[in-house]
file entry_27.txt (compact mmCIF, C-alpha atoms)
# COMPACT_ATOMS: atom_id res chain seq x y z
CA MET P 19 0.00 0.00 0.00
CA ASN P 20 1.32 3.44 -0.85
CA GLY P 21 0.34 7.00 -0.12
CA THR P 22 1.17 9.32 2.73
CA THR P 23 0.76 9.21 6.48
CA LEU P 24 -2.11 11.66 6.02
CA GLU P 25 -4.05 8.81 4.45
CA ARG P 26 -2.80 6.35 7.07
CA PRO P 27 -3.43 7.83 10.51
CA ASP P 28 -2.41 4.52 12.08
CA VAL P 29 1.06 4.82 10.50
CA ALA P 30 1.28 8.48 11.51
CA ALA P 31 0.44 7.60 15.12
CA TYR P 32 2.93 4.72 15.11
CA LEU P 33 5.69 6.97 13.80
CA ASP P 34 4.88 9.63 16.38
CA ALA P 35 5.20 7.02 19.10
CA VAL P 36 8.54 5.80 17.70
CA ARG P 37 9.73 9.40 17.37
CA SER P 38 8.90 10.06 21.00
CA ARG P 39 11.10 7.08 21.95
CA LEU P 40 13.95 8.73 20.10
CA SER P 41 13.38 12.13 21.65
CA ASP P 42 16.83 12.16 23.28
CA LEU P 43 18.56 12.03 19.87
CA PRO P 44 19.51 15.10 17.84
CA ALA P 45 16.56 16.19 15.73
CA GLU P 46 18.33 15.54 12.42
CA GLU P 47 19.37 12.05 13.45
CA ARG P 48 15.87 11.27 14.66
CA ASP P 49 14.18 12.64 11.55
CA ASP P 50 16.46 10.68 9.22
CA LEU P 51 15.74 7.46 11.05
CA VAL P 52 11.99 8.01 11.11
CA ALA P 53 11.91 9.11 7.45
CA ASP P 54 13.30 5.74 6.36
CA VAL P 55 10.79 3.96 8.54
CA GLU P 56 7.88 6.02 7.27
CA ALA P 57 8.54 5.28 3.60
CA SER P 58 8.96 1.59 4.32
CA LEU P 59 5.86 1.25 6.46
CA LEU P 60 3.76 2.94 3.83
CA GLU P 61 5.11 0.75 1.05
CA SER P 62 4.86 -2.51 2.99
CA GLY P 63 1.23 -1.82 3.87
CA GLU P 64 1.56 -4.21 6.81
CA PRO P 65 1.04 -3.23 10.42
CA PRO P 66 4.34 -3.31 12.34
CA LYS P 67 4.86 -6.48 14.32
CA LEU P 68 6.68 -4.71 17.13
CA SER P 69 5.29 -2.12 19.49
CA PRO P 70 6.67 1.40 18.94
CA GLN P 71 8.87 0.99 22.02
CA GLU P 72 10.30 -2.34 20.84
CA PHE P 73 10.80 -0.98 17.35
CA ALA P 74 12.66 2.07 18.63
CA THR P 75 14.88 -0.09 20.86
CA GLU P 76 15.83 -2.38 17.96
CA LEU P 77 16.41 0.62 15.71
CA ARG P 78 18.77 2.15 18.25
CA GLU P 79 20.76 -1.05 18.69
CA ALA P 80 21.13 -1.62 14.96
CA ALA P 81 22.13 1.98 14.35
CA GLY P 82 24.77 1.77 17.07
CA LEU P 83 23.09 4.45 19.14
CA ALA P 84 23.06 4.71 22.90
CA PRO P 85 20.17 3.05 24.72
CA GLU P 86 17.19 5.12 25.60
CA THR P 87 17.87 7.55 28.42
CA PRO P 88 15.72 7.31 31.55
CA ALA P 89 14.03 10.59 30.69
CA ALA P 90 13.06 9.24 27.30
CA SER P 91 12.05 5.86 28.71
CA GLN P 92 9.54 7.41 31.13
CA PRO P 93 6.51 7.79 28.92
CA SER P 94 4.78 11.12 29.27
CA PHE P 95 1.06 11.50 28.87
CA LEU P 96 1.57 12.45 25.22
CA ASP P 97 3.81 9.42 24.68
CA SER P 98 1.21 7.16 26.22
CA LEU P 99 -1.40 8.79 24.04
CA ARG P 100 0.73 8.25 20.95
CA THR P 101 1.27 4.62 21.91
CA TRP P 102 -2.44 4.15 22.35
CA LEU P 103 -3.13 5.87 19.02
CA ALA P 104 -0.77 3.39 17.39
CA SER P 105 -2.76 0.45 18.74
CA GLU P 106 -5.19 -1.58 16.67
CA ARG P 107 -8.08 -0.59 18.93
CA ALA P 108 -7.38 3.09 18.37
CA ALA P 109 -7.08 2.48 14.64
CA SER P 110 -10.47 0.78 14.70
CA LEU P 111 -12.04 3.65 16.64
CA ILE P 112 -10.48 6.21 14.31
CA ALA P 113 -11.82 4.31 11.30
CA THR P 114 -15.31 4.28 12.85
CA ALA P 115 -15.06 7.99 13.61
CA ARG P 116 -14.10 8.67 10.01
CA ASP P 117 -17.18 6.74 8.86
CA LEU P 118 -19.38 8.83 11.17
CA ALA P 119 -17.68 12.11 10.29
CA PRO P 120 -20.50 13.25 7.91
CA ILE P 121 -22.88 13.40 10.90
CA TRP P 122 -20.48 15.77 12.64
CA TRP P 123 -20.16 17.82 9.45
CA LEU P 124 -23.93 18.47 9.54
CA ALA P 125 -23.92 19.14 13.27
CA ARG P 126 -21.07 21.64 13.04
CA ALA P 127 -22.87 23.37 10.15
CA TYR P 128 -25.91 23.83 12.39
CA VAL P 129 -23.74 25.13 15.24
CA ALA P 130 -21.79 27.46 12.97
CA ILE P 131 -24.79 29.03 11.23
CA SER P 132 -26.83 29.38 14.41
CA LEU P 133 -23.85 30.96 16.16
CA LEU P 134 -23.39 33.34 13.25
CA ALA P 135 -27.10 34.27 13.29
CA ILE P 136 -27.08 34.89 17.04
CA VAL P 137 -23.88 36.95 16.99
CA GLY P 138 -25.17 38.82 13.93
CA GLY P 139 -28.29 39.83 15.86
CA TRP P 140 -30.80 37.94 13.72
CA GLY P 141 -31.55 35.38 16.41
CA TRP P 142 -31.98 31.67 15.89
CA PRO P 143 -34.15 30.57 14.21
CA ILE P 144 -33.54 33.59 12.02
CA GLY P 145 -35.84 36.46 13.03
CA ALA P 146 -36.42 35.23 16.57
CA ASP P 147 -34.71 38.25 18.16
CA THR P 148 -36.23 40.89 15.93
CA ALA P 149 -39.63 42.41 15.39
CA ASN P 150 -39.92 40.48 12.14
CA PRO P 151 -41.66 37.14 12.19
CA ILE P 152 -39.45 34.06 12.34
CA SER P 153 -38.48 33.08 8.85
CA MET P 154 -38.26 29.32 8.55
CA ASP P 155 -37.35 29.68 4.88
CA ALA P 156 -34.28 31.79 5.70
CA THR P 157 -33.36 29.43 8.53
CA ILE P 158 -33.58 26.33 6.36
CA VAL P 159 -31.79 27.88 3.40
CA SER P 160 -28.95 29.20 5.56
CA PHE P 161 -28.56 25.80 7.22
CA LEU P 162 -28.47 24.02 3.85
CA VAL P 163 -25.79 26.41 2.59
CA ALA P 164 -23.75 25.90 5.76
CA ALA P 165 -24.17 22.12 5.49
CA ALA P 166 -22.96 22.14 1.88
CA VAL P 167 -19.89 24.20 2.83
CA SER P 168 -19.16 21.97 5.83
CA VAL P 169 -19.40 18.77 3.78
CA TRP P 170 -17.19 20.30 1.09
CA ILE P 171 -14.56 21.21 3.70
CA GLY P 172 -14.80 17.74 5.20
CA LEU P 173 -14.34 15.96 1.88
CA ARG P 174 -11.52 18.30 0.93
CA GLY P 175 -9.80 17.66 4.25
CA ARG P 176 -9.79 13.93 3.55
CA LYS P 177 -7.85 14.47 0.34
CA ARG P 178 -5.53 17.19 1.54
CA ASP P 179 -4.58 17.96 5.08
CA SER P 180 -2.54 21.11 4.69
CA HIS P 181 -4.65 22.95 7.30
CA ARG P 182 -4.88 20.13 9.79
CA ARG P 183 -4.18 22.22 12.88
CA LEU P 184 -6.60 24.99 11.85
CA SER P 185 -9.29 22.43 11.07
CA LEU P 186 -8.78 20.74 14.43
CA THR P 187 -9.00 24.07 16.26
CA LEU P 188 -12.23 25.02 14.48
CA ASN P 189 -13.78 21.65 15.16
CA VAL P 190 -12.94 21.87 18.86
CA ALA P 191 -14.33 25.43 19.02
CA LEU P 192 -17.57 24.38 17.31
CA ALA P 193 -17.87 21.34 19.56
CA LEU P 194 -17.59 23.62 22.60
CA ALA P 195 -20.09 26.07 21.10
CA ALA P 196 -22.52 23.21 20.49
CA VAL P 197 -23.53 23.20 24.17
CA PRO P 198 -24.80 26.81 24.46
CA VAL P 199 -26.32 26.59 20.98
CA ALA P 200 -28.22 23.45 21.96
CA VAL P 201 -29.47 25.15 25.14
CA LEU P 202 -30.54 28.23 23.18
CA SER P 203 -32.26 26.13 20.52
CA LEU P 204 -34.24 24.27 23.16
CA ASP P 205 -35.16 27.58 24.79
CA GLN P 206 -36.30 29.00 21.45
CA LEU P 207 -38.30 25.87 20.80
CA MET P 208 -40.11 26.24 24.12
CA ASN P 209 -40.80 29.93 23.51
CA ARG P 210 -41.98 29.21 20.02
CA THR P 211 -44.48 26.67 21.34
CA GLY P 212 -45.82 29.29 23.79
CA TYR P 213 -46.07 31.81 20.98
CA VAL P 214 -48.20 29.49 18.90
CA GLU P 215 -50.54 28.85 21.80
CA THR P 216 -50.92 32.57 22.44
CA PHE P 217 -51.57 33.12 18.78
CA VAL P 218 -54.44 30.63 18.84
CA TYR P 219 -56.08 32.29 21.83
CA ALA P 220 -55.56 35.75 20.37
CA GLU P 221 -57.40 34.91 17.17
CA PRO P 222 -60.30 37.41 16.68
CA VAL P 223 -63.62 36.07 17.94
CA ALA P 224 -67.11 37.09 16.95
CA GLY P 225 -68.97 39.44 19.32
CA LEU P 226 -67.42 40.83 22.48
CA ALA P 227 -63.97 39.79 23.66
CA TYR P 228 -61.70 40.64 26.57
CA ASP P 229 -58.02 39.65 26.56
CA GLY P 230 -58.79 37.53 23.55
CA LEU P 231 -61.49 35.58 25.33
CA PRO P 232 -65.13 35.86 24.28
CA VAL P 233 -67.50 37.80 26.59
CA HIS P 234 -71.08 36.57 26.47
CA ASN P 235 -72.72 39.13 28.75
CA LEU P 236 -72.11 42.47 30.50
CA TYR P 237 -73.36 43.60 33.91
CA PRO P 238 -73.32 47.38 34.38
CA TYR P 239 -73.55 48.66 37.96
CA THR P 240 -74.06 52.15 39.37
CA ARG P 241 -71.51 53.61 41.81
CA GLU P 242 -73.91 52.68 44.56
CA GLY P 243 -73.77 49.03 43.54
CA GLU P 244 -77.13 48.76 41.78
CA LEU P 245 -77.34 46.49 38.79
CA LEU P 246 -78.79 48.32 35.79
CA PHE P 247 -81.10 46.76 33.24
CA ASP P 248 -81.60 47.24 29.55
CA VAL P 249 -78.50 49.42 29.19
CA LEU P 250 -77.77 50.09 25.52
CA LEU P 251 -74.05 50.10 24.70
CA PHE P 252 -72.42 51.89 21.78
CA GLY P 253 -68.84 52.13 20.60
CA GLU P 254 -66.81 55.31 20.07
CA ASN P 255 -68.11 55.62 16.53
CA GLY P 256 -71.70 55.29 17.62
CA ALA P 257 -72.16 51.75 16.42
CA PRO P 258 -74.07 49.47 18.76
CA ILE P 259 -71.97 46.90 20.61
CA SER P 260 -74.08 43.89 19.87
CA VAL P 261 -73.98 40.29 20.92
CA LEU P 262 -76.09 38.52 18.38
CA SER P 263 -78.23 35.50 19.08
CA GLY P 264 -78.11 32.24 17.27
CA PRO P 265 -81.14 31.12 15.25
CA ASP P 266 -82.11 28.66 17.97
CA ASP P 267 -81.65 31.09 20.83
CA THR P 268 -85.39 31.76 21.36
CA SER P 269 -85.24 32.10 25.15
CA ARG P 270 -83.27 35.35 25.06
CA ARG P 271 -85.14 38.44 26.05
CA VAL P 272 -84.50 40.78 23.12
CA LEU P 273 -85.51 44.46 23.14
CA PHE P 274 -87.27 45.91 20.09
CA ASP P 275 -87.68 49.55 19.06
CA GLN P 276 -90.87 51.13 17.88
CA ASN P 277 -90.23 49.91 14.37
CA GLY P 278 -89.88 46.31 15.52
CA THR P 279 -86.11 46.26 15.04
CA ALA P 280 -84.31 43.93 17.46
CA LEU P 281 -81.67 45.57 19.64
CA PHE P 282 -78.84 43.20 20.47
CA ASN P 283 -76.76 45.79 22.33
CA SER P 284 -78.85 45.81 25.53
CA PHE P 285 -77.20 44.46 28.66
CA PRO P 286 -77.28 42.44 30.75
CA ILE P 287 -78.75 39.85 28.45
CA ARG P 288 -81.59 38.11 30.21
CA TYR P 289 -83.27 34.83 29.45
CA PHE P 290 -86.87 33.79 29.94
CA ASP P 291 -87.68 30.97 32.25
CA PRO P 292 -88.14 27.75 30.31
CA GLY P 293 -91.50 27.61 28.52
CA THR P 294 -92.51 31.13 29.61
CA ARG P 295 -92.00 34.76 28.61
CA VAL P 296 -91.02 35.72 32.15
CA VAL P 297 -87.65 36.55 33.64
CA SER P 298 -88.14 35.53 37.23
CA ARG P 299 -84.76 36.68 38.53
CA PRO P 300 -83.69 39.74 36.55
CA ALA P 301 -81.06 40.77 39.15
CA LEU P 302 -79.17 37.53 38.84
CA GLY P 303 -75.52 38.16 38.07
CA PRO P 304 -72.00 37.11 38.86
CA PRO P 305 -70.66 37.84 42.34
CA VAL P 306 -69.10 41.27 42.14
CA ILE P 307 -67.84 43.68 44.77
CA VAL P 308 -68.50 47.29 43.93
CA PRO P 309 -65.97 49.42 45.81
CA ASP P 310 -66.89 52.58 47.72
CA ILE P 311 -66.28 55.38 45.26
CA ALA P 312 -64.46 58.43 46.62
CA THR P 313 -64.52 60.47 43.44
CA PRO P 314 -67.49 62.91 43.37
CA PRO P 315 -70.14 61.92 40.88
CA LEU P 316 -70.46 63.74 37.63
CA VAL P 317 -73.38 66.10 37.35
CA PRO P 318 -74.86 66.26 33.88
CA SER P 319 -75.11 69.78 32.60
CA LYS P 320 -78.64 71.02 31.94
CA ALA P 321 -79.54 71.57 28.34
CA LYS P 322 -80.30 75.19 27.58
CA MET D 21 23.59 -5.65 3.91
CA LEU D 22 26.70 -4.41 2.11
CA ALA D 23 26.43 -7.29 -0.34
CA VAL D 24 22.85 -6.40 -1.17
CA VAL D 25 23.62 -2.72 -1.74
CA ALA D 26 26.81 -3.56 -3.66
CA GLU D 27 24.71 -5.50 -6.13
CA GLN D 28 22.38 -2.54 -6.65
CA ASP D 29 21.49 0.68 -4.80
CA GLY D 30 18.37 0.33 -2.70
CA TYR D 31 16.16 2.04 -0.14
CA GLY D 32 15.18 0.65 3.25
CA TYR D 33 12.20 -1.49 2.36
CA ASP D 34 13.83 -2.58 -0.90
CA VAL D 35 16.91 -3.84 0.97
CA LEU D 36 14.65 -5.62 3.49
CA ARG D 37 12.72 -7.28 0.69
CA ARG D 38 15.87 -8.46 -1.06
CA LEU D 39 17.27 -9.88 2.18
CA ARG D 40 14.05 -11.81 2.73
CA ALA D 41 14.08 -12.98 -0.88
CA VAL D 42 17.35 -14.83 -0.29
CA GLY D 43 15.92 -16.61 2.74
CA LEU D 44 16.49 -14.24 5.67
CA GLN D 45 12.81 -14.19 6.59
CA ASP D 46 13.29 -13.32 10.23
CA VAL D 47 15.35 -10.21 9.72
CA GLY D 48 13.59 -7.31 11.45
CA ASP D 49 12.57 -4.04 9.83
CA ALA D 50 14.14 -1.94 12.54
CA SER D 51 17.41 -3.91 12.32
CA VAL D 52 17.69 -3.20 8.60
CA TYR D 53 16.90 0.52 8.85
CA GLY D 54 19.20 0.94 11.86
CA THR D 55 22.06 -0.93 10.22
CA LEU D 56 21.74 1.09 7.02
CA ARG D 57 22.04 4.28 9.06
CA ARG D 58 25.03 2.93 10.99
CA LEU D 59 26.84 1.92 7.79
CA TYR D 60 26.03 5.30 6.26
CA LYS D 61 27.39 7.17 9.27
CA GLY D 62 30.48 4.95 9.19
CA GLY D 63 31.16 5.92 5.59
CA ALA D 64 30.46 2.49 4.11
CA LEU D 65 27.36 3.74 2.33
CA THR D 66 26.38 6.89 0.56
CA SER D 67 22.80 8.05 0.26
CA TYR D 68 20.61 10.14 -1.96
CA VAL D 69 16.92 10.94 -2.03
CA MET D 70 14.70 10.06 -4.96
CA PRO D 71 11.10 11.24 -5.35
CA SER D 72 8.46 8.58 -5.56
CA ASP D 73 5.11 8.77 -7.32
CA GLU D 74 3.68 6.29 -4.86
CA GLY D 75 4.43 8.03 -1.58
CA PRO D 76 7.07 9.99 0.31
CA HIS D 77 10.62 10.44 -1.00
CA ARG D 78 12.84 7.37 -0.74
CA ARG D 79 16.36 7.49 0.64
CA TYR D 80 18.52 5.24 -1.52
CA TYR D 81 21.79 3.82 -0.26
CA GLY D 82 24.79 2.94 -2.44
CA ILE D 83 28.09 1.39 -1.47
CA THR D 84 31.26 3.46 -1.17
CA ASP D 85 34.90 2.42 -1.65
CA ARG D 86 35.19 2.03 2.09
CA GLY D 87 32.10 -0.14 2.01
CA ARG D 88 33.61 -2.31 -0.72
CA GLU D 89 36.71 -2.77 1.42
CA GLN D 90 34.56 -3.75 4.40
CA LEU D 91 32.61 -6.13 2.19
CA ARG D 92 35.81 -7.68 0.88
CA ASP D 93 37.11 -8.10 4.44
CA ALA D 94 33.81 -9.58 5.53
CA ARG D 95 33.85 -12.01 2.60
CA ASP D 96 37.40 -13.08 3.45
CA THR D 97 36.48 -13.50 7.09
CA TRP D 98 33.40 -15.50 6.16
CA ALA D 99 35.38 -17.63 3.72
CA ASP D 100 37.98 -18.43 6.38
CA PHE D 101 35.25 -19.13 8.91
CA ASN D 102 33.34 -21.30 6.46
CA ARG D 103 36.48 -23.19 5.43
CA ALA D 104 37.44 -23.83 9.05
CA PHE D 105 33.99 -25.10 10.05
CA SER D 106 33.68 -27.20 6.92
CA THR D 107 37.00 -28.84 7.73
CA LEU D 108 35.90 -29.43 11.31
CA LEU D 109 32.56 -30.87 10.32
CA GLU D 110 34.06 -33.12 7.61
CA THR D 111 36.61 -34.43 10.14
CA GLU D 112 33.81 -35.11 12.61
CA LEU D 113 31.91 -37.00 9.94
CA GLU D 114 34.90 -39.17 9.22
CA VAL D 115 35.32 -39.94 12.95
CA ILE D 116 31.64 -40.86 13.28
CA ALA D 117 31.74 -42.97 10.17

call {"tool": "encode", "arguments": {"input": "entry_27.txt", "output": "structure tokens"}}
result
Amino acid sequence: MNGTTLERPDVAAYLDAVRSRLSDLPAEERDDLVADVEASLLESGEPPKLSPQEFATELREAAGLAPETPAASQPSFLDSLRTWLASERAASLIATARDLAPIWWLARAYVAISLLAIVGGWGWPIGADTANPISMDATIVSFLVAAAVSVWIGLRGRKRDSHRRLSLTLNVALALAAVPVAVLSLDQLMNRTGYVETFVYAEPVAGLAYDGLPVHNLYPYTREGELLFDVLLFGENGAPISVLSGPDDTSRRVLFDQNGTALFNSFPIRYFDPGTRVVSRPALGPPVIVPDIATPPLVPSKAK
Amino acid sequence: MLAVVAEQDGYGYDVLRRLRAVGLQDVGDASVYGTLRRLYKGGALTSYVMPSDEGPHRRYYGITDRGREQLRDARDTWADFNRAFSTLLETELEVIA
């Protein structure tokens, strides 16, 4: 098998582990030794039979170099990590991660575009932080564009790895940003659900409404706490404020003018007792407490 | 190793392959690469880098005059050694027979 260590992360990890075992040698000496090994490992295409430590020891002996110094023989955390990365288990995990990489490409696209939208002041989903309504079209389109770019970068990175460190840094940054973005997205989702519910309740209703809820009757009281009857209500433009009856609502006591026109703006609306044309309890109403009024009553001016 | 390179210049894995082709199956990779470097540093080999279309550059090793002298000495030593042991073994065979 040929190629480069960029296409063979297992070989790259193995060489790193060998190199760490030669860390006490001059850099030129070490690089020359490892360069020969790299070319051969890539061409042989076979996994090394020796562990990186054993390989480095044999290489030293054959090259007539001094044995590993104690400092070099004490594996640091990075050395241990390199050794583990050179293992078959790590190679298997890395291969699996490479297979699953496209999922991460989509996830990082979501994180990146949502982060950009939030920092840019558009909110996420786009429009959530502004007076404009949330635009799902803009949100979806921007995500698709980000996903395409992310996949392109991912595929390009598999062929060429000239910006490996930069790519790693960006991936780590986006992975860290994924947490607050996920929290914010969940928060937006909850708020959006509440918004929809409010919207349903706020839908205009026929007749009278208060706070978006229908009002079926009105009970006007005087300042002394007396319930008034047959009060005709009009709006600011003079139009009657009517609560119409349904065709089957025959028990309602409706007022008529001299011309026989029904007046549906008289309150409180009263209903006849069943089977009669009598309202036996006209003062019936909801329990209200009329406060003691301190403000002097208005005195209507006398018409001249 | 000197005999292999004296026959034709070669890079690490090429030398390893040629050694194994003549029957030295158990020779280790690290031993070959380390020995090549030791012979190079000792002046028995020279080296040069050749680009490869199939991967990273390859470091080729070729034998030097000093290497040829070492090879000649090694051949003489081996010939003496071989002659002595052959004589011993043939004598032993005659005694046994």

call {"tool": "closest_atom_pairs", "arguments": {"input": "entry_27.txt", "of": "chain P", "to": "chain D", "cutoff": "8 Å", "atoms": "all atoms listed in the file", "output": "tab-separated table"}}
result
residue	atom	partner	partner_atom	distance
P:Asn20	CA	D:Glu74	CA	5.5
P:Gly21	CA	D:Gly75	CA	4.5
P:Thr22	CA	D:Gly75	CA	5.6
P:Leu51	CA	D:Arg57	CA	7.3
P:Asp54	CA	D:Gly32	CA	6.3
P:Val55	CA	D:Tyr53	CA	7.0
P:Ala57	CA	D:Pro76	CA	5.9
P:Ser58	CA	D:Tyr33	CA	4.9
P:Leu60	CA	D:Gly75	CA	7.5
P:Glu61	CA	D:Tyr33	CA	7.5
P:Ser62	CA	D:Tyr33	CA	7.4
P:Phe73	CA	D:Ala50	CA	5.9
P:Ala74	CA	D:Ala50	CA	7.4
P:Glu76	CA	D:Ala50	CA	5.7
P:Leu77	CA	D:Ala50	CA	4.7
P:Arg78	CA	D:Gly54	CA	6.5
P:Glu79	CA	D:Gly54	CA	7.3
P:Ala80	CA	D:Gly54	CA	4.5
P:Ala81	CA	D:Gly54	CA	4.0
P:Gly82	CA	D:Arg58	CA	6.2

call {"tool": "residues_around", "arguments": {"input": "entry_27.txt", "residues": "stretch 302-313 of chain P", "least_positions_apart": "6", "cutoff": "10 Å", "atoms": "all atoms listed in the file", "output": "number ranges by chain"}}
result
P: 235-237, 239-245, 286, 288

call {"tool": "atom_distance", "arguments": {"input": "entry_27.txt", "atom1": "atom CA of P:Ser185", "atom2": "atom CA of P:Ala115"}}
result
15.8 Å

call {"tool": "atom_distance", "arguments": {"input": "entry_27.txt", "atom1": "atom CA of P:Trp140", "atom2": "atom CA of P:Ser203"}}
result
13.7 Å

call {"tool": "residues_around", "arguments": {"input": "entry_27.txt", "residues": "stretch 89-92 of chain D", "least_positions_apart": "3", "cutoff": "12 Å", "atoms": "all atoms listed in the file", "output": "ChimeraX atom specification"}}
result
/D:21-27,59,62-65,83-86,95-99

call {"tool": "write_last_selection", "arguments": {"input": "entry_27.txt", "atoms": "C-alpha atoms", "output": "JSON list (two decimals), keeping the file's coordinate frame"}}
result
[["chain", "number", "residue", "atom", "x", "y", "z"],
["D", 21, "MET", "CA", 23.59, -5.65, 3.91],
["D", 22, "LEU", "CA", 26.70, -4.41, 2.11],
["D", 23, "ALA", "CA", 26.43, -7.29, -0.34],
["D", 24, "VAL", "CA", 22.85, -6.40, -1.17],
["D", 25, "VAL", "CA", 23.62, -2.72, -1.74],
["D", 26, "ALA", "CA", 26.81, -3.56, -3.66],
["D", 27, "GLU", "CA", 24.71, -5.50, -6.13],
["D", 59, "LEU", "CA", 26.84, 1.92, 7.79],
["D", 62, "GLY", "CA", 30.48, 4.95, 9.19],
["D", 63, "GLY", "CA", 31.16, 5.92, 5.59],
["D", 64, "ALA", "CA", 30.46, 2.49, 4.11],
["D", 65, "LEU", "CA", 27.36, 3.74, 2.33],
["D", 83, "ILE", "CA", 28.09, 1.39, -1.47],
["D", 84, "THR", "CA", 31.26, 3.46, -1.17],
["D", 85, "ASP", "CA", 34.90, 2.42, -1.65],
["D", 86, "ARG", "CA", 35.19, 2.03, 2.09],
["D", 95, "ARG", "CA", 33.85, -12.01, 2.60],
["D", 96, "ASP", "CA", 37.40, -13.08, 3.45],
["D", 97, "THR", "CA", 36.48, -13.50, 7.09],
["D", 98, "TRP", "CA", 33.40, -15.50, 6.16],
["D", 99, "ALA", "CA", 35.38, -17.63, 3.72]]

call {"tool": "atom_distance", "arguments": {"input": "entry_27.txt", "atom1": "atom CA of P:Asp97", "atom2": "atom CA of P:Pro27"}}
result
16.0 Å

call {"tool": "closest_residue", "arguments": {"input": "entry_27.txt", "among": "P:Trp123, P:Phe274, P:Tyr128, P:Tyr32", "to": "P:Ala108", "atoms": "all atoms listed in the file"}}
result
P:Tyr32

call {"tool": "closest_residue", "arguments": {"input": "entry_27.txt", "among": "D:Thr66, D:Ala104, D:Gly30, D:Arg40", "to": "D:Arg88", "atoms": "only C-alpha atoms"}}
result
D:Thr66

call {"tool": "decode", "arguments": {"input": "entry_27.txt", "residues": "stretch 32-44 of chain D", "atoms": "N, CA and C atoms", "output": "PDB file, in the first residue's frame"}}
result
ATOM      1  N   GLY D  32      15.389   1.508   2.097  1.00  0.00           N
ATOM      2  CA  GLY D  32      15.179   0.648   3.251  1.00  0.00           C
ATOM      3  C   GLY D  32      14.324  -0.575   2.992  1.00  0.00           C
ATOM      4  N   TYR D  33      13.098  -0.354   2.536  1.00  0.00           N
ATOM      5  CA  TYR D  33      12.198  -1.489   2.358  1.00  0.00           C
ATOM      6  C   TYR D  33      12.664  -2.392   1.225  1.00  0.00           C
ATOM      7  N   ASP D  34      13.308  -1.795   0.218  1.00  0.00           N
ATOM      8  CA  ASP D  34      13.833  -2.580  -0.904  1.00  0.00           C
ATOM      9  C   ASP D  34      14.935  -3.523  -0.412  1.00  0.00           C
ATOM     10  N   VAL D  35      15.829  -3.013   0.423  1.00  0.00           N
ATOM     11  CA  VAL D  35      16.907  -3.841   0.973  1.00  0.00           C
ATOM     12  C   VAL D  35      16.313  -4.965   1.820  1.00  0.00           C
ATOM     13  N   LEU D  36      15.313  -4.612   2.650  1.00  0.00           N
ATOM     14  CA  LEU D  36      14.653  -5.618   3.494  1.00  0.00           C
ATOM     15  C   LEU D  36      14.031  -6.730   2.639  1.00  0.00           C
ATOM     16  N   ARG D  37      13.382  -6.315   1.564  1.00  0.00           N
ATOM     17  CA  ARG D  37      12.721  -7.284   0.686  1.00  0.00           C
ATOM     18  C   ARG D  37      13.737  -8.218   0.023  1.00  0.00           C
ATOM     19  N   ARG D  38      14.854  -7.639  -0.388  1.00  0.00           N
ATOM     20  CA  ARG D  38      15.874  -8.455  -1.064  1.00  0.00           C
ATOM     21  C   ARG D  38      16.546  -9.421  -0.079  1.00  0.00           C
ATOM     22  N   LEU D  39      16.723  -8.978   1.170  1.00  0.00           N
ATOM     23  CA  LEU D  39      17.267  -9.885   2.178  1.00  0.00           C
ATOM     24  C   LEU D  39      16.315 -11.053   2.415  1.00  0.00           C
ATOM     25  N   ARG D  40      15.028 -10.748   2.484  1.00  0.00           N
ATOM     26  CA  ARG D  40      14.052 -11.808   2.730  1.00  0.00           C
ATOM     27  C   ARG D  40      13.941 -12.735   1.519  1.00  0.00           C
ATOM     28  N   ALA D  41      14.184 -12.181   0.333  1.00  0.00           N
ATOM     29  CA  ALA D  41      14.082 -12.981  -0.884  1.00  0.00           C
ATOM     30  C   ALA D  41      15.164 -14.065  -0.941  1.00  0.00           C
ATOM     31  N   VAL D  42      16.290 -13.810  -0.279  1.00  0.00           N
ATOM     32  CA  VAL D  42      17.354 -14.832  -0.292  1.00  0.00           C
ATOM     33  C   VAL D  42      17.238 -15.767   0.914  1.00  0.00           C
ATOM     34  N   GLY D  43      16.167 -15.641   1.672  1.00  0.00           N
ATOM     35  CA  GLY D  43      15.922 -16.606   2.738  1.00  0.00           C
ATOM     36  C   GLY D  43      16.005 -16.056   4.151  1.00  0.00           C
ATOM     37  N   LEU D  44      16.385 -14.796   4.309  1.00  0.00           N
ATOM     38  CA  LEU D  44      16.486 -14.239   5.671  1.00  0.00           C
ATOM     39  C   LEU D  44      15.125 -13.672   6.086  1.00  0.00           C
TER      40      LEU D  44
END
